[in-house]
$ cat target16.pdb   # PDB, C-alpha atoms
ATOM      1  CA  MET Y   1       0.000   0.000   0.000
ATOM      2  CA  THR Y   2       1.328   3.439  -0.947
ATOM      3  CA  SER Y   3       2.200   5.706   1.951
ATOM      4  CA  VAL Y   4       0.188   8.870   2.489
ATOM      5  CA  PRO Y   5       2.337  11.944   3.215
ATOM      6  CA  ASP Y   6       1.702  13.667   6.503
ATOM      7  CA  GLN Y   7       0.884  17.304   5.721
ATOM      8  CA  GLU Y   8       2.347  18.701   8.917
ATOM      9  CA  ALA Y   9       5.538  16.710   8.371
ATOM     10  CA  LEU Y  10       5.749  18.180   4.872
ATOM     11  CA  LEU Y  11       5.351  21.735   6.168
ATOM     12  CA  ARG Y  12       7.933  21.317   8.913
ATOM     13  CA  GLY Y  13      10.317  19.362   6.709
ATOM     14  CA  PHE Y  14      10.139  21.846   3.846
ATOM     15  CA  ALA Y  15      10.646  24.749   6.250
ATOM     16  CA  ALA Y  16      13.714  23.037   7.713
ATOM     17  CA  ALA Y  17      15.049  22.332   4.222
ATOM     18  CA  ALA Y  18      14.572  25.972   3.212
ATOM     19  CA  GLU Y  19      16.543  27.066   6.275
ATOM     20  CA  ALA Y  20      19.347  24.578   5.670
ATOM     21  CA  ALA Y  21      19.571  25.326   1.941
ATOM     22  CA  TYR Y  22      19.362  29.104   2.318
ATOM     23  CA  GLY Y  23      23.050  29.746   1.613
ATOM     24  CA  GLU Y  24      23.252  27.423  -1.393
ATOM     25  CA  LEU Y  25      20.024  28.747  -2.914
ATOM     26  CA  THR Y  26      21.165  32.345  -2.460
ATOM     27  CA  ALA Y  27      24.482  31.583  -4.160
ATOM     28  CA  LEU Y  28      22.734  29.843  -7.051
ATOM     29  CA  ASP Y  29      20.393  32.785  -7.542
ATOM     30  CA  ARG Y  30      23.262  35.275  -7.480
ATOM     31  CA  HIS Y  31      24.780  33.274 -10.315
ATOM     32  CA  SER Y  32      21.695  33.692 -12.489
ATOM     33  CA  GLY Y  33      19.442  36.361 -10.986
ATOM     34  CA  ASP Y  34      19.186  38.874  -8.174
ATOM     35  CA  GLY Y  35      20.014  36.549  -5.304
ATOM     36  CA  ASP Y  36      16.693  36.652  -3.447
ATOM     37  CA  TYR Y  37      15.422  33.119  -4.021
ATOM     38  CA  GLY Y  38      16.818  31.783  -0.744
ATOM     39  CA  ASP Y  39      15.159  34.660   1.102
ATOM     40  CA  ASN Y  40      11.840  34.088  -0.658
ATOM     41  CA  LEU Y  41      11.716  30.356   0.016
ATOM     42  CA  ARG Y  42      12.757  30.762   3.636
ATOM     43  CA  HIS Y  43      10.325  33.630   4.230
ATOM     44  CA  GLY Y  44       7.391  31.720   2.737
ATOM     45  CA  THR Y  45       7.972  28.612   4.794
ATOM     46  CA  ARG Y  46       8.600  30.629   7.966
ATOM     47  CA  GLN Y  47       5.348  32.518   7.469
ATOM     48  CA  ALA Y  48       3.419  29.313   6.821
ATOM     49  CA  LEU Y  49       4.881  27.674   9.913
ATOM     50  CA  ALA Y  50       4.057  30.686  12.082
ATOM     51  CA  VAL Y  51       0.452  30.773  10.864
ATOM     52  CA  TYR Y  52       0.021  27.025  11.256
ATOM     53  CA  ASP Y  53       1.431  27.035  14.781
ATOM     54  CA  ALA Y  54      -0.848  29.948  15.696
ATOM     55  CA  ARG Y  55      -4.159  28.761  14.283
ATOM     56  CA  GLY Y  56      -3.732  25.342  12.689
ATOM     57  CA  GLY Y  57      -5.548  24.474   9.483
ATOM     58  CA  ALA Y  58      -4.599  22.287   6.533
ATOM     59  CA  PRO Y  59      -0.806  22.684   6.268
ATOM     60  CA  VAL Y  60      -0.645  22.604   2.453
ATOM     61  CA  ALA Y  61      -3.400  25.232   2.226
ATOM     62  CA  VAL Y  62      -1.488  27.364   4.727
ATOM     63  CA  LEU Y  63       1.621  27.064   2.552
ATOM     64  CA  GLY Y  64      -0.417  28.207  -0.432
ATOM     65  CA  GLU Y  65      -1.720  31.260   1.410
ATOM     66  CA  ALA Y  66       1.721  32.198   2.707
ATOM     67  CA  PHE Y  67       3.423  32.031  -0.669
ATOM     68  CA  LEU Y  68       0.603  33.796  -2.506
ATOM     69  CA  ASP Y  69       0.171  36.577   0.060
ATOM     70  CA  GLU Y  70       3.568  37.053   1.678
ATOM     71  CA  VAL Y  71       6.293  36.229  -0.861
ATOM     72  CA  GLY Y  72       7.306  38.578  -3.626
ATOM     73  CA  GLY Y  73       9.058  38.006  -6.916
ATOM     74  CA  THR Y  74       8.013  35.348  -9.379
ATOM     75  CA  SER Y  75       8.638  32.278  -7.253
ATOM     76  CA  GLY Y  76       6.220  33.128  -4.436
ATOM     77  CA  PRO Y  77       2.991  33.310  -6.429
ATOM     78  CA  LEU Y  78       3.927  30.317  -8.581
ATOM     79  CA  LEU Y  79       4.659  28.081  -5.591
ATOM     80  CA  GLY Y  80       1.506  29.472  -4.010
ATOM     81  CA  LEU Y  81      -0.488  28.255  -7.006
ATOM     82  CA  LEU Y  82       1.059  24.792  -6.721
ATOM     83  CA  PHE Y  83       0.266  24.464  -3.010
ATOM     84  CA  THR Y  84      -3.246  25.829  -3.474
ATOM     85  CA  GLU Y  85      -4.089  23.348  -6.241
ATOM     86  CA  ILE Y  86      -2.729  20.455  -4.180
ATOM     87  CA  ALA Y  87      -4.709  21.625  -1.139
ATOM     88  CA  HIS Y  88      -7.912  21.747  -3.190
ATOM     89  CA  ALA Y  89      -7.321  18.219  -4.486
ATOM     90  CA  LEU Y  90      -6.625  16.907  -0.995
ATOM     91  CA  GLU Y  91     -10.019  18.149   0.174
ATOM     92  CA  ASP Y  92     -11.491  15.210  -1.759
ATOM     93  CA  GLY Y  93      -9.244  12.671  -0.052
ATOM     94  CA  PRO Y  94      -5.615  11.686   0.569
ATOM     95  CA  ASP Y  95      -5.128  10.489  -3.010
ATOM     96  CA  GLY Y  96      -5.156  14.037  -4.351
ATOM     97  CA  TRP Y  97      -1.394  14.616  -4.357
ATOM     98  CA  ALA Y  98      -0.857  13.603  -7.981
ATOM     99  CA  SER Y  99      -3.928  15.299  -9.436
ATOM    100  CA  GLY Y 100      -3.265  18.409  -7.357
ATOM    101  CA  ALA Y 101       0.352  18.608  -8.465
ATOM    102  CA  GLU Y 102      -0.746  18.158 -12.067
ATOM    103  CA  ALA Y 103      -3.300  20.974 -11.693
ATOM    104  CA  GLY Y 104      -0.615  23.126 -10.065
ATOM    105  CA  LEU Y 105       1.756  22.517 -12.955
ATOM    106  CA  ALA Y 106      -0.946  23.512 -15.423
ATOM    107  CA  ALA Y 107      -1.718  26.681 -13.445
ATOM    108  CA  ILE Y 108       1.953  27.666 -13.269
ATOM    109  CA  GLN Y 109       2.401  27.156 -17.000
ATOM    110  CA  ARG Y 110      -0.752  29.128 -17.687
ATOM    111  CA  VAL Y 111       0.545  32.090 -15.687
ATOM    112  CA  GLY Y 112       4.277  31.880 -16.335
ATOM    113  CA  GLU Y 113       4.224  30.341 -19.822
ATOM    114  CA  ALA Y 114       7.462  28.410 -19.217
ATOM    115  CA  ARG Y 115       8.023  24.996 -20.757
ATOM    116  CA  ILE Y 116      10.519  22.176 -20.325
ATOM    117  CA  GLY Y 117      13.957  23.363 -21.437
ATOM    118  CA  ASP Y 118      13.443  27.013 -20.449
ATOM    119  CA  ARG Y 119      15.582  26.576 -17.295
ATOM    120  CA  THR Y 120      12.870  27.222 -14.711
ATOM    121  CA  MET Y 121      11.066  25.333 -11.955
ATOM    122  CA  ILE Y 122       9.096  23.611 -14.721
ATOM    123  CA  ASP Y 123      12.158  21.497 -15.546
ATOM    124  CA  ALA Y 124      11.906  19.877 -12.094
ATOM    125  CA  LEU Y 125       8.152  20.046 -11.600
ATOM    126  CA  THR Y 126       7.112  18.370 -14.862
ATOM    127  CA  PRO Y 127       9.054  15.116 -14.360
ATOM    128  CA  ALA Y 128       8.025  15.034 -10.698
ATOM    129  CA  VAL Y 129       4.356  15.262 -11.634
ATOM    130  CA  GLU Y 130       4.809  12.575 -14.293
ATOM    131  CA  ALA Y 131       6.401  10.257 -11.720
ATOM    132  CA  LEU Y 132       3.564  10.859  -9.253
ATOM    133  CA  ARG Y 133       0.967  10.145 -11.921
ATOM    134  CA  ALA Y 134       2.764   6.922 -12.877
ATOM    135  CA  GLY Y 135       2.389   5.612  -9.335
ATOM    136  CA  GLY Y 136       4.358   2.572  -8.277
ATOM    137  CA  PRO Y 137       5.481   1.223  -4.915
ATOM    138  CA  ALA Y 138       7.207   4.482  -3.842
ATOM    139  CA  PRO Y 139       5.707   7.270  -5.972
ATOM    140  CA  PHE Y 140       6.871  10.149  -3.789
ATOM    141  CA  ALA Y 141      10.474   8.952  -3.768
ATOM    142  CA  ALA Y 142      10.242   8.522  -7.544
ATOM    143  CA  ALA Y 143       8.899  12.064  -7.862
ATOM    144  CA  ALA Y 144      11.719  13.380  -5.666
ATOM    145  CA  ALA Y 145      14.325  11.611  -7.814
ATOM    146  CA  ALA Y 146      12.722  12.926 -11.003
ATOM    147  CA  ALA Y 147      12.670  16.475  -9.629
ATOM    148  CA  ARG Y 148      16.291  16.195  -8.480
ATOM    149  CA  ASP Y 149      17.419  14.974 -11.910
ATOM    150  CA  GLY Y 150      15.361  17.640 -13.657
ATOM    151  CA  ALA Y 151      16.878  20.366 -11.507
ATOM    152  CA  ALA Y 152      20.403  19.064 -12.079
ATOM    153  CA  GLY Y 153      19.774  19.058 -15.816
ATOM    154  CA  THR Y 154      19.118  22.802 -15.833
ATOM    155  CA  ALA Y 155      22.838  23.386 -15.313
ATOM    156  CA  ALA Y 156      23.346  22.658 -19.019
ATOM    157  CA  LEU Y 157      20.536  24.940 -20.192
ATOM    158  CA  ARG Y 158      20.475  28.530 -21.361
ATOM    159  CA  ALA Y 159      17.685  30.454 -19.652
ATOM    160  CA  ARG Y 160      14.809  31.568 -21.855
ATOM    161  CA  MET Y 161      12.583  33.050 -19.133
ATOM    162  CA  GLY Y 162      13.014  35.543 -16.290
ATOM    163  CA  ARG Y 163      16.027  37.540 -15.164
ATOM    164  CA  ALA Y 164      18.443  34.716 -15.954
ATOM    165  CA  SER Y 165      17.581  35.045 -19.642
ATOM    166  CA  TYR Y 166      19.538  38.316 -19.694
ATOM    167  CA  VAL Y 167      22.701  36.612 -18.474
ATOM    168  CA  GLY Y 168      23.014  34.276 -21.457
ATOM    169  CA  ASP Y 169      25.439  31.365 -21.315
ATOM    170  CA  ARG Y 170      26.962  32.611 -18.063
ATOM    171  CA  VAL Y 171      24.240  30.751 -16.143
ATOM    172  CA  LYS Y 172      25.450  27.416 -17.471
ATOM    173  CA  GLY Y 173      27.273  25.175 -15.039
ATOM    174  CA  GLU Y 174      24.968  25.737 -12.070
ATOM    175  CA  PRO Y 175      21.346  24.551 -11.739
ATOM    176  CA  ASP Y 176      18.384  26.906 -11.724
ATOM    177  CA  PRO Y 177      17.509  27.839  -8.113
ATOM    178  CA  GLY Y 178      13.762  27.618  -8.737
ATOM    179  CA  ALA Y 179      14.128  24.079 -10.036
ATOM    180  CA  VAL Y 180      16.269  23.177  -7.026
ATOM    181  CA  GLY Y 181      13.584  24.613  -4.755
ATOM    182  CA  VAL Y 182      10.993  22.344  -6.346
ATOM    183  CA  ALA Y 183      13.349  19.397  -5.890
ATOM    184  CA  LEU Y 184      13.652  20.304  -2.199
ATOM    185  CA  LEU Y 185       9.872  20.355  -1.966
ATOM    186  CA  PHE Y 186       9.466  16.885  -3.441
ATOM    187  CA  TRP Y 187      12.311  15.540  -1.303
ATOM    188  CA  SER Y 188      10.429  16.892   1.726
ATOM    189  CA  LEU Y 189       7.237  15.296   0.396
ATOM    190  CA  ALA Y 190       8.925  11.894   0.066
ATOM    191  CA  ARG Y 191      10.198  12.128   3.634
ATOM    192  CA  ALA Y 192       6.708  13.069   4.819
ATOM    193  CA  ALA Y 193       5.512   9.830   3.191
ATOM    194  CA  ASP Y 194       8.307   7.826   4.879
ATOM    195  CA  GLU Y 195       9.914   7.066   1.506
ATOM    196  CA  ASP Y 196      13.688   7.225   1.112
ATOM    197  CA  ALA Y 197      14.965   9.861  -1.305
ATOM    198  CA  GLU Y 198      18.320  11.466  -2.037
ATOM    199  CA  PRO Y 199      18.320  15.215  -1.282
ATOM    200  CA  PRO Y 200      19.127  17.607  -4.146
ATOM    201  CA  LEU Y 201      21.607  19.656  -2.077
ATOM    202  CA  ASP Y 202      24.376  18.651   0.314
ATOM    203  CA  SER Y 203      23.230  21.247   2.828
ATOM    204  CA  VAL Y 204      20.037  19.347   3.661
ATOM    205  CA  LYS Y 205      21.566  15.888   4.139
TER     206      LYS Y 205
END

$ encode --input "target16.pdb" --output "structure tokens"
Amino acid sequence: MTSVPDQEALLRGFAAAAEAAYGELTALDRHSGDGDYGDNLRHGTRQALAVYDARGGAPVAVLGEAFLDEVGGTSGPLLGLLFTEIAHALEDGPDGWASGAEAGLAAIQRVGEARIGDRTMIDALTPAVEALRAGGPAPFAAAAAAARDGAAGTAALRARMGRASYVGDRVKGEPDPGAVGVALLFWSLARAADEDAEPPLDSVK
């Protein structure tokens, strides 16, 4: 039987991962953008954790609210959309992770217009969603591995969206921070489901 991720464990695990990865994410974003991605991810998870500890609620929905309402830049609203779609799907039962992630991917692409190969979070999110939809004995670990590989693959790509697109080939050699953030999310999700997964950054081992 497939494990069901614990939502609170996901929230706390993702917040801890954002704290631990802050330095690496900031360095990656300085390589390709304005260096605020580590701040944005950490701020969003801190806000969600503070709200959840104060009033409770569905942890994934709280994450959605925090990223939509409290985090600036591009990454905040897009991650907020992903969490919100997953939260809506989970209202119908614990099997909503895959369908919610798929709806979140569609919403992000609708708003941001990025596609695979553009060197964005989509390069990690798309294969993760595909792995979740495929199922299997450890679908969350498979999704985490797919997201990790997708994020790593962005190191060879030239950015075609966002601030990094102005940097040209200078971004090559390091992965896209947004894709790494998505990989951290799915690693946290696998851990919340008690499935073994390799983390995408050394700082969170």

$ atom_distance --input "target16.pdb" --atom1 "CA of Asp202 (chain Y)" --atom2 "CA of Asp36 (chain Y)"
19.9 Å

$ closest_residue --input "target16.pdb" --among "Y:Ala141, Y:Ala18, Y:Val180, Y:Leu25" --to "Arg46 (chain Y)" --atoms "all atoms listed in the file"
Y:Ala18

$ residues_around --input "target16.pdb" --residues "Ala124 (chain Y)" --least-positions-apart "5" --cutoff "7 Å" --atoms "all atoms listed in the file" --output "ChimeraX atom specification"
/Y:147-148,150-151,179,182-183

$ write_last_selection --input "target16.pdb" --atoms "C-alpha atoms" --output "mmCIF file, keeping the file's coordinate frame"
data_model
loop_
_atom_site.group_PDB
_atom_site.id
_atom_site.type_symbol
_atom_site.label_atom_id
_atom_site.label_comp_id
_atom_site.auth_asym_id
_atom_site.auth_seq_id
_atom_site.Cartn_x
_atom_site.Cartn_y
_atom_site.Cartn_z
ATOM 1 C CA ALA Y 147 12.670 16.475 -9.629
ATOM 2 C CA ARG Y 148 16.291 16.195 -8.480
ATOM 3 C CA GLY Y 150 15.361 17.640 -13.657
ATOM 4 C CA ALA Y 151 16.878 20.366 -11.507
ATOM 5 C CA ALA Y 179 14.128 24.079 -10.036
ATOM 6 C CA VAL Y 182 10.993 22.344 -6.346
ATOM 7 C CA ALA Y 183 13.349 19.397 -5.890
#

$ closest_residue --input "target16.pdb" --among "Y:Ser32, Y:Asn40, Y:Thr84, Y:Ser75" --to "Glu102 (chain Y)" --atoms "all atoms listed in the file"
Y:Thr84

$ atom_distance --input "target16.pdb" --atom1 "CA of Pro200 (chain Y)" --atom2 "CA of Asp53 (chain Y)"
27.6 Å

$ residues_near_point --input "target16.pdb" --point "(21.8, 25.6, -2.6)" --cutoff "12 Å" --atoms "all atoms listed in the file" --output "ChimeraX atom specification"
/Y:17-31,35,37-39,41,151-152,174-184,199-205

$ resolve_selection --input "target16.pdb" --expression "the PyMOL selection byres ((chain Y and resi 67) around 12)" --output "ChimeraX atom specification"
/Y:40-49,51,60-66,68-84

$ atom_distance --input "target16.pdb" --atom1 "CA of Ala138 (chain Y)" --atom2 "CA of Ala192 (chain Y)"
12.2 Å

$ resolve_selection --input "target16.pdb" --expression "the PyMOL selection byres ((chain Y and resi 100) around 12)" --output "MDAnalysis selection string"
chainID Y and resid 60:61 81:99 101:107 129 132:133

$ write_last_selection --input "target16.pdb" --atoms "C-alpha atoms" --output "PDB file, keeping the file's coordinate frame"
ATOM      1  CA  VAL Y  60      -0.645  22.604   2.453  1.00  0.00           C
ATOM      2  CA  ALA Y  61      -3.400  25.232   2.226  1.00  0.00           C
ATOM      3  CA  LEU Y  81      -0.488  28.255  -7.006  1.00  0.00           C
ATOM      4  CA  LEU Y  82       1.059  24.792  -6.721  1.00  0.00           C
ATOM      5  CA  PHE Y  83       0.266  24.464  -3.010  1.00  0.00           C
ATOM      6  CA  THR Y  84      -3.246  25.829  -3.474  1.00  0.00           C
ATOM      7  CA  GLU Y  85      -4.089  23.348  -6.241  1.00  0.00           C
ATOM      8  CA  ILE Y  86      -2.729  20.455  -4.180  1.00  0.00           C
ATOM      9  CA  ALA Y  87      -4.709  21.625  -1.139  1.00  0.00           C
ATOM     10  CA  HIS Y  88      -7.912  21.747  -3.190  1.00  0.00           C
ATOM     11  CA  ALA Y  89      -7.321  18.219  -4.486  1.00  0.00           C
ATOM     12  CA  LEU Y  90      -6.625  16.907  -0.995  1.00  0.00           C
ATOM     13  CA  GLU Y  91     -10.019  18.149   0.174  1.00  0.00           C
ATOM     14  CA  ASP Y  92     -11.491  15.210  -1.759  1.00  0.00           C
ATOM     15  CA  GLY Y  93      -9.244  12.671  -0.052  1.00  0.00           C
ATOM     16  CA  PRO Y  94      -5.615  11.686   0.569  1.00  0.00           C
ATOM     17  CA  ASP Y  95      -5.128  10.489  -3.010  1.00  0.00           C
ATOM     18  CA  GLY Y  96      -5.156  14.037  -4.351  1.00  0.00           C
ATOM     19  CA  TRP Y  97      -1.394  14.616  -4.357  1.00  0.00           C
ATOM     20  CA  ALA Y  98      -0.857  13.603  -7.981  1.00  0.00           C
ATOM     21  CA  SER Y  99      -3.928  15.299  -9.436  1.00  0.00           C
ATOM     22  CA  ALA Y 101       0.352  18.608  -8.465  1.00  0.00           C
ATOM     23  CA  GLU Y 102      -0.746  18.158 -12.067  1.00  0.00           C
ATOM     24  CA  ALA Y 103      -3.300  20.974 -11.693  1.00  0.00           C
ATOM     25  CA  GLY Y 104      -0.615  23.126 -10.065  1.00  0.00           C
ATOM     26  CA  LEU Y 105       1.756  22.517 -12.955  1.00  0.00           C
ATOM     27  CA  ALA Y 106      -0.946  23.512 -15.423  1.00  0.00           C
ATOM     28  CA  ALA Y 107      -1.718  26.681 -13.445  1.00  0.00           C
ATOM     29  CA  VAL Y 129       4.356  15.262 -11.634  1.00  0.00           C
ATOM     30  CA  LEU Y 132       3.564  10.859  -9.253  1.00  0.00           C
ATOM     31  CA  ARG Y 133       0.967  10.145 -11.921  1.00  0.00           C
TER      32      ARG Y 133
END

$ resolve_selection --input "target16.pdb" --expression "the PyMOL selection byres ((chain Y and resi 6) around 9)" --output "number ranges by chain"
Y: 4-5, 7-11, 189, 192-194

$ closest_residue --input "target16.pdb" --among "Y:Ala58, Y:Ala190, Y:Ala155, Y:Leu185" --to "Gly117 (chain Y)" --atoms "only C-alpha atoms"
Y:Ala155

$ closest_residue --input "target16.pdb" --among "Y:Arg55, Y:Arg119, Y:Arg12, Y:Arg158" --to "Ser188 (chain Y)" --atoms "all atoms listed in the file"
Y:Arg12

$ axis_aligned_box --input "target16.pdb" --around "region 93-99 of chain Y" --padding-each-side "6 Å" --output "lines of an AutoDock Vina configuration file"
center_x = -5.1
center_y = 12.9
center_z = -4.4
size_x = 20.4
size_y = 16.8
size_z = 22.0

$ closest_residue --input "target16.pdb" --among "Y:Asp118, Y:Ser3, Y:Gln109, Y:Ala16" --to "Ala156 (chain Y)" --atoms "only C-alpha atoms"
Y:Asp118

$ decode --input "target16.pdb" --residues "region 86-114 of chain Y" --atoms "N, CA and C atoms" --output "PDB file, in the first residue's frame"
ATOM      1  N   ILE Y  86      -2.862  21.712  -4.914  1.00  0.00           N
ATOM      2  CA  ILE Y  86      -2.729  20.455  -4.180  1.00  0.00           C
ATOM      3  C   ILE Y  86      -3.697  20.436  -2.999  1.00  0.00           C
ATOM      4  N   ALA Y  87      -3.800  21.553  -2.289  1.00  0.00           N
ATOM      5  CA  ALA Y  87      -4.709  21.625  -1.139  1.00  0.00           C
ATOM      6  C   ALA Y  87      -6.153  21.389  -1.565  1.00  0.00           C
ATOM      7  N   HIS Y  88      -6.550  21.962  -2.693  1.00  0.00           N
ATOM      8  CA  HIS Y  88      -7.912  21.747  -3.190  1.00  0.00           C
ATOM      9  C   HIS Y  88      -8.154  20.273  -3.498  1.00  0.00           C
ATOM     10  N   ALA Y  89      -7.167  19.631  -4.132  1.00  0.00           N
ATOM     11  CA  ALA Y  89      -7.321  18.219  -4.486  1.00  0.00           C
ATOM     12  C   ALA Y  89      -7.384  17.338  -3.248  1.00  0.00           C
ATOM     13  N   LEU Y  90      -6.640  17.706  -2.214  1.00  0.00           N
ATOM     14  CA  LEU Y  90      -6.625  16.907  -0.995  1.00  0.00           C
ATOM     15  C   LEU Y  90      -7.922  17.024  -0.203  1.00  0.00           C
ATOM     16  N   GLU Y  91      -8.718  18.031  -0.491  1.00  0.00           N
ATOM     17  CA  GLU Y  91     -10.019  18.149   0.174  1.00  0.00           C
ATOM     18  C   GLU Y  91     -10.936  16.975  -0.175  1.00  0.00           C
ATOM     19  N   ASP Y  92     -10.675  16.347  -1.322  1.00  0.00           N
ATOM     20  CA  ASP Y  92     -11.491  15.210  -1.759  1.00  0.00           C
ATOM     21  C   ASP Y  92     -10.947  13.876  -1.253  1.00  0.00           C
ATOM     22  N   GLY Y  93      -9.801  13.904  -0.583  1.00  0.00           N
ATOM     23  CA  GLY Y  93      -9.244  12.671  -0.052  1.00  0.00           C
ATOM     24  C   GLY Y  93      -7.731  12.650  -0.168  1.00  0.00           C
ATOM     25  N   PRO Y  94      -7.077  11.717   0.518  1.00  0.00           N
ATOM     26  CA  PRO Y  94      -5.615  11.686   0.569  1.00  0.00           C
ATOM     27  C   PRO Y  94      -4.945  11.273  -0.739  1.00  0.00           C
ATOM     28  N   ASP Y  95      -5.724  10.884  -1.725  1.00  0.00           N
ATOM     29  CA  ASP Y  95      -5.128  10.489  -3.010  1.00  0.00           C
ATOM     30  C   ASP Y  95      -4.975  11.667  -3.970  1.00  0.00           C
ATOM     31  N   GLY Y  96      -5.164  12.869  -3.471  1.00  0.00           N
ATOM     32  CA  GLY Y  96      -5.156  14.037  -4.351  1.00  0.00           C
ATOM     33  C   GLY Y  96      -3.795  14.631  -4.646  1.00  0.00           C
ATOM     34  N   TRP Y  97      -2.724  14.034  -4.141  1.00  0.00           N
ATOM     35  CA  TRP Y  97      -1.394  14.616  -4.357  1.00  0.00           C
ATOM     36  C   TRP Y  97      -1.042  14.699  -5.837  1.00  0.00           C
ATOM     37  N   ALA Y  98      -1.245  13.619  -6.566  1.00  0.00           N
ATOM     38  CA  ALA Y  98      -0.857  13.603  -7.981  1.00  0.00           C
ATOM     39  C   ALA Y  98      -1.721  14.533  -8.815  1.00  0.00           C
ATOM     40  N   SER Y  99      -3.037  14.446  -8.649  1.00  0.00           N
ATOM     41  CA  SER Y  99      -3.928  15.299  -9.436  1.00  0.00           C
ATOM     42  C   SER Y  99      -3.752  16.767  -9.064  1.00  0.00           C
ATOM     43  N   GLY Y 100      -3.498  17.034  -7.781  1.00  0.00           N
ATOM     44  CA  GLY Y 100      -3.265  18.409  -7.357  1.00  0.00           C
ATOM     45  C   GLY Y 100      -1.978  18.972  -7.911  1.00  0.00           C
ATOM     46  N   ALA Y 101      -0.918  18.158  -7.903  1.00  0.00           N
ATOM     47  CA  ALA Y 101       0.352  18.608  -8.465  1.00  0.00           C
ATOM     48  C   ALA Y 101       0.229  18.844  -9.968  1.00  0.00           C
ATOM     49  N   GLU Y 102      -0.532  17.988 -10.632  1.00  0.00           N
ATOM     50  CA  GLU Y 102      -0.746  18.158 -12.067  1.00  0.00           C
ATOM     51  C   GLU Y 102      -1.518  19.452 -12.349  1.00  0.00           C
ATOM     52  N   ALA Y 103      -2.545  19.728 -11.537  1.00  0.00           N
ATOM     53  CA  ALA Y 103      -3.300  20.974 -11.693  1.00  0.00           C
ATOM     54  C   ALA Y 103      -2.419  22.180 -11.383  1.00  0.00           C
ATOM     55  N   GLY Y 104      -1.541  22.047 -10.390  1.00  0.00           N
ATOM     56  CA  GLY Y 104      -0.615  23.126 -10.065  1.00  0.00           C
ATOM     57  C   GLY Y 104       0.351  23.412 -11.190  1.00  0.00           C
ATOM     58  N   LEU Y 105       0.868  22.350 -11.801  1.00  0.00           N
ATOM     59  CA  LEU Y 105       1.756  22.517 -12.955  1.00  0.00           C
ATOM     60  C   LEU Y 105       1.043  23.256 -14.080  1.00  0.00           C
ATOM     61  N   ALA Y 106      -0.184  22.858 -14.355  1.00  0.00           N
ATOM     62  CA  ALA Y 106      -0.946  23.512 -15.423  1.00  0.00           C
ATOM     63  C   ALA Y 106      -1.176  24.990 -15.106  1.00  0.00           C
ATOM     64  N   ALA Y 107      -1.482  25.295 -13.843  1.00  0.00           N
ATOM     65  CA  ALA Y 107      -1.718  26.681 -13.445  1.00  0.00           C
ATOM     66  C   ALA Y 107      -0.455  27.520 -13.579  1.00  0.00           C
ATOM     67  N   ILE Y 108       0.679  26.953 -13.166  1.00  0.00           N
ATOM     68  CA  ILE Y 108       1.953  27.666 -13.269  1.00  0.00           C
ATOM     69  C   ILE Y 108       2.302  27.943 -14.723  1.00  0.00           C
ATOM     70  N   GLN Y 109       2.091  26.958 -15.581  1.00  0.00           N
ATOM     71  CA  GLN Y 109       2.401  27.156 -17.000  1.00  0.00           C
ATOM     72  C   GLN Y 109       1.447  28.151 -17.643  1.00  0.00           C
ATOM     73  N   ARG Y 110       0.222  28.177 -17.171  1.00  0.00           N
ATOM     74  CA  ARG Y 110      -0.752  29.128 -17.687  1.00  0.00           C
ATOM     75  C   ARG Y 110      -0.329  30.563 -17.348  1.00  0.00           C
ATOM     76  N   VAL Y 111       0.161  30.752 -16.141  1.00  0.00           N
ATOM     77  CA  VAL Y 111       0.545  32.090 -15.687  1.00  0.00           C
ATOM     78  C   VAL Y 111       1.935  32.477 -16.179  1.00  0.00           C
ATOM     79  N   GLY Y 112       2.885  31.554 -16.019  1.00  0.00           N
ATOM     80  CA  GLY Y 112       4.277  31.880 -16.335  1.00  0.00           C
ATOM     81  C   GLY Y 112       4.715  31.578 -17.743  1.00  0.00           C
ATOM     82  N   GLU Y 113       3.985  30.694 -18.421  1.00  0.00           N
ATOM     83  CA  GLU Y 113       4.224  30.341 -19.822  1.00  0.00           C
ATOM     84  C   GLU Y 113       5.535  29.610 -20.069  1.00  0.00           C
ATOM     85  N   ALA Y 114       6.214  29.154 -19.025  1.00  0.00           N
ATOM     86  CA  ALA Y 114       7.462  28.410 -19.217  1.00  0.00           C
ATOM     87  C   ALA Y 114       7.165  26.973 -19.619  1.00  0.00           C
TER      88      ALA Y 114
END
